[in-house]
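A.B. asks: Supplied in structure tokens, the structure appears directly below.
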Amino acid sequence: MTDSFTNEPISVSTSGNSGPYIAVQLDQLALVRRILDEAGQRYYVEEYAISLDERPVTAVIDLEVDADIEGIQRCLDRTEDPRMSREGSRRNGHHG
């Protein structure tokens, strides 16, 4: 799955001391939550989303310490946000 702002792959981060997490643009939060729900993963969306340096609002999804990080990453990697694909753009009447 590609980040809607950076166009980079969305990934599970294990940096820091707080445990694994996913930083995701607010416009993609519902899709990532659905991916995690369908995979049976437990998570917590932090109460406050942030915007730094006038960038889009980013939500942080905290995963359990013993979460299947590789499995979650595989789910993210094989999911395409329909709004980011050419096929999705054509279906929505947009041409690029």
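Please note that chains go A, B, ... in the order of the structure tokens, that every chain numbers its residues from 1, and that ligands are numbered from 1 in the order shown.
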Hey, could you make a per-residue contact list for range 12-40 of chain A against range 58-79 of chain A with 6 Å as the cut-off, showing the nearest pair of atoms and its distance in Å to one decimal, counting only C-alpha atoms, sorted by chain and number, as CSV?
C.D. replies:
```
residue,atom,partner,partner_atom,distance
A:Gly19,CA,A:Val65,CA,5.4
A:Pro20,CA,A:Leu63,CA,5.4
A:Tyr21,CA,A:Asp62,CA,4.4
A:Ile22,CA,A:Ile61,CA,5.1
A:Ala23,CA,A:Val60,CA,4.6
A:Val24,CA,A:Ala59,CA,5.4
A:Gln25,CA,A:Thr58,CA,4.4
A:Leu26,CA,A:Thr58,CA,5.3
```
A.B. asks: If we count only C-alpha atoms, what is near Leu31 in chain A at a cut-off of 12 Å, once residues fewer than 2 positions away on the same chain are taken out, given as JSON, numbers by chain?
C.D. replies: {"A": [1, 2, 3, 4, 10, 24, 25, 26, 27, 28, 29, 33, 34, 35, 36, 37, 38, 75, 76, 79, 80, 81, 82, 83]}
A.B. asks: Could you please write out, as a ChimeraX atom specification, every residue of chain A that DSSP assigns to strand (DSSP E)?
C.D. replies: /A:12-13,21-25,43-45,58-63
A.B. asks: Please save C-alpha atoms of the selected residues as a PDB file, in the first residue's frame.
C.D. replies:
```
ATOM      1  CA  VAL A  12       5.293  -1.096  10.099  1.00  0.00           C
ATOM      2  CA  SER A  13       7.837   0.816  12.152  1.00  0.00           C
ATOM      3  CA  TYR A  21       3.302   1.161  14.939  1.00  0.00           C
ATOM      4  CA  ILE A  22       2.051   2.343  11.563  1.00  0.00           C
ATOM      5  CA  ALA A  23       1.973   6.040  10.652  1.00  0.00           C
ATOM      6  CA  VAL A  24      -0.702   6.605   8.034  1.00  0.00           C
ATOM      7  CA  GLN A  25      -2.308   9.584   6.349  1.00  0.00           C
ATOM      8  CA  TYR A  43      -4.314  -2.312  17.497  1.00  0.00           C
ATOM      9  CA  TYR A  44      -5.027   1.072  18.999  1.00  0.00           C
ATOM     10  CA  VAL A  45      -5.387   4.307  17.034  1.00  0.00           C
ATOM     11  CA  THR A  58      -1.054  11.666  10.075  1.00  0.00           C
ATOM     12  CA  ALA A  59      -2.590   9.112  12.424  1.00  0.00           C
ATOM     13  CA  VAL A  60      -0.532   6.620  14.418  1.00  0.00           C
ATOM     14  CA  ILE A  61      -1.756   3.060  14.840  1.00  0.00           C
ATOM     15  CA  ASP A  62      -0.077   1.278  17.736  1.00  0.00           C
ATOM     16  CA  LEU A  63       0.260  -2.482  17.388  1.00  0.00           C
TER      17      LEU A  63
END
```
A.B. asks: Quick one, how far is CA of Pro9 in chain A from CA of Tyr48 in chain A?
C.D. replies: 22.7 Å
A.B. asks: If you run DSSP on the backbone here, which positions in chain A get helix (DSSP H, G or I)? Please write them as a ChimeraX atom specification.
C.D. replies: /A:26-38,69-78,82-84,86-91
A.B. asks: For the residues selected in the previous step, produce a file with N, CA and C atoms as a short mmCIF file (atom, residue, chain, number, x, y, z; two decimals), in the first residue's frame.
C.D. replies:
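That gives us out_33.cif:
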```
data_model
loop_
_atom_site.label_atom_id
_atom_site.label_comp_id
_atom_site.auth_asym_id
_atom_site.auth_seq_id
_atom_site.Cartn_x
_atom_site.Cartn_y
_atom_site.Cartn_z
N LEU A 26 -4.35 10.43 7.30
CA LEU A 26 -5.71 10.34 7.83
C LEU A 26 -6.70 9.84 6.77
N ASP A 27 -6.46 10.20 5.50
CA ASP A 27 -7.37 9.76 4.44
C ASP A 27 -7.27 8.27 4.14
N GLN A 28 -6.27 7.59 4.71
CA GLN A 28 -6.09 6.15 4.49
C GLN A 28 -6.32 5.33 5.77
N LEU A 29 -6.66 6.01 6.84
CA LEU A 29 -6.82 5.33 8.13
C LEU A 29 -7.88 4.24 8.08
N ALA A 30 -9.03 4.51 7.51
CA ALA A 30 -10.11 3.51 7.47
C ALA A 30 -9.67 2.26 6.72
N LEU A 31 -8.96 2.43 5.62
CA LEU A 31 -8.51 1.27 4.83
C LEU A 31 -7.49 0.44 5.62
N VAL A 32 -6.55 1.09 6.28
CA VAL A 32 -5.55 0.35 7.06
C VAL A 32 -6.22 -0.35 8.24
N ARG A 33 -7.19 0.30 8.87
CA ARG A 33 -7.92 -0.35 9.96
C ARG A 33 -8.65 -1.60 9.44
N ARG A 34 -9.25 -1.49 8.26
CA ARG A 34 -9.94 -2.65 7.69
C ARG A 34 -8.96 -3.79 7.42
N ILE A 35 -7.77 -3.47 6.92
CA ILE A 35 -6.74 -4.48 6.67
C ILE A 35 -6.38 -5.18 7.98
N LEU A 36 -6.16 -4.42 9.03
CA LEU A 36 -5.80 -4.99 10.32
C LEU A 36 -6.94 -5.82 10.90
N ASP A 37 -8.17 -5.33 10.76
CA ASP A 37 -9.33 -6.07 11.26
C ASP A 37 -9.46 -7.41 10.53
N GLU A 38 -9.35 -7.38 9.21
CA GLU A 38 -9.48 -8.61 8.42
C GLU A 38 -8.37 -9.61 8.73
N ILE A 69 4.46 -8.66 12.90
CA ILE A 69 4.90 -7.53 12.09
C ILE A 69 5.08 -7.92 10.63
N GLU A 70 5.71 -9.05 10.39
CA GLU A 70 5.93 -9.50 9.00
C GLU A 70 4.60 -9.79 8.31
N GLY A 71 3.67 -10.41 9.02
CA GLY A 71 2.35 -10.70 8.44
C GLY A 71 1.59 -9.42 8.13
N ILE A 72 1.64 -8.47 9.05
CA ILE A 72 0.97 -7.18 8.82
C ILE A 72 1.58 -6.48 7.63
N GLN A 73 2.92 -6.49 7.54
CA GLN A 73 3.58 -5.84 6.42
C GLN A 73 3.18 -6.50 5.10
N ARG A 74 3.08 -7.83 5.08
CA ARG A 74 2.63 -8.51 3.86
C ARG A 74 1.23 -8.06 3.46
N CYS A 75 0.35 -7.91 4.44
CA CYS A 75 -1.02 -7.45 4.15
C CYS A 75 -0.99 -6.04 3.57
N LEU A 76 -0.18 -5.16 4.14
CA LEU A 76 -0.07 -3.80 3.62
C LEU A 76 0.51 -3.81 2.20
N ASP A 77 1.53 -4.65 1.99
CA ASP A 77 2.20 -4.68 0.69
C ASP A 77 1.29 -5.18 -0.43
N ARG A 78 0.38 -6.07 -0.11
CA ARG A 78 -0.47 -6.62 -1.17
C ARG A 78 -1.78 -5.86 -1.36
N PRO A 82 -7.52 1.94 -3.78
CA PRO A 82 -8.15 2.15 -5.09
C PRO A 82 -7.98 3.57 -5.61
N ARG A 83 -7.86 4.52 -4.72
CA ARG A 83 -7.71 5.92 -5.16
C ARG A 83 -6.33 6.18 -5.73
N MET A 84 -5.36 5.30 -5.44
CA MET A 84 -3.99 5.50 -5.89
C MET A 84 -3.70 4.78 -7.21
N ARG A 86 -4.34 3.50 -11.21
CA ARG A 86 -4.90 4.01 -12.47
C ARG A 86 -6.27 3.40 -12.72
N GLU A 87 -6.42 2.12 -12.39
CA GLU A 87 -7.71 1.46 -12.58
C GLU A 87 -8.77 2.14 -11.73
N GLY A 88 -8.44 2.45 -10.48
CA GLY A 88 -9.38 3.13 -9.60
C GLY A 88 -9.74 4.50 -10.13
N SER A 89 -8.75 5.21 -10.70
CA SER A 89 -9.01 6.53 -11.25
C SER A 89 -9.94 6.45 -12.45
N ARG A 90 -9.75 5.44 -13.28
CA ARG A 90 -10.63 5.29 -14.45
C ARG A 90 -12.05 4.97 -14.02
N ARG A 91 -12.19 4.10 -13.00
CA ARG A 91 -13.53 3.76 -12.53
C ARG A 91 -14.24 4.96 -11.95
#
```
A.B. asks: Quick one: pull the distance between CA of Asn7 in chain A and CA of Gly40 in chain A, Å, one decimal.
C.D. replies: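 Between CA of Asn7 in chain A and CA of Gly40 in chain A the gap is 26.6 Å.
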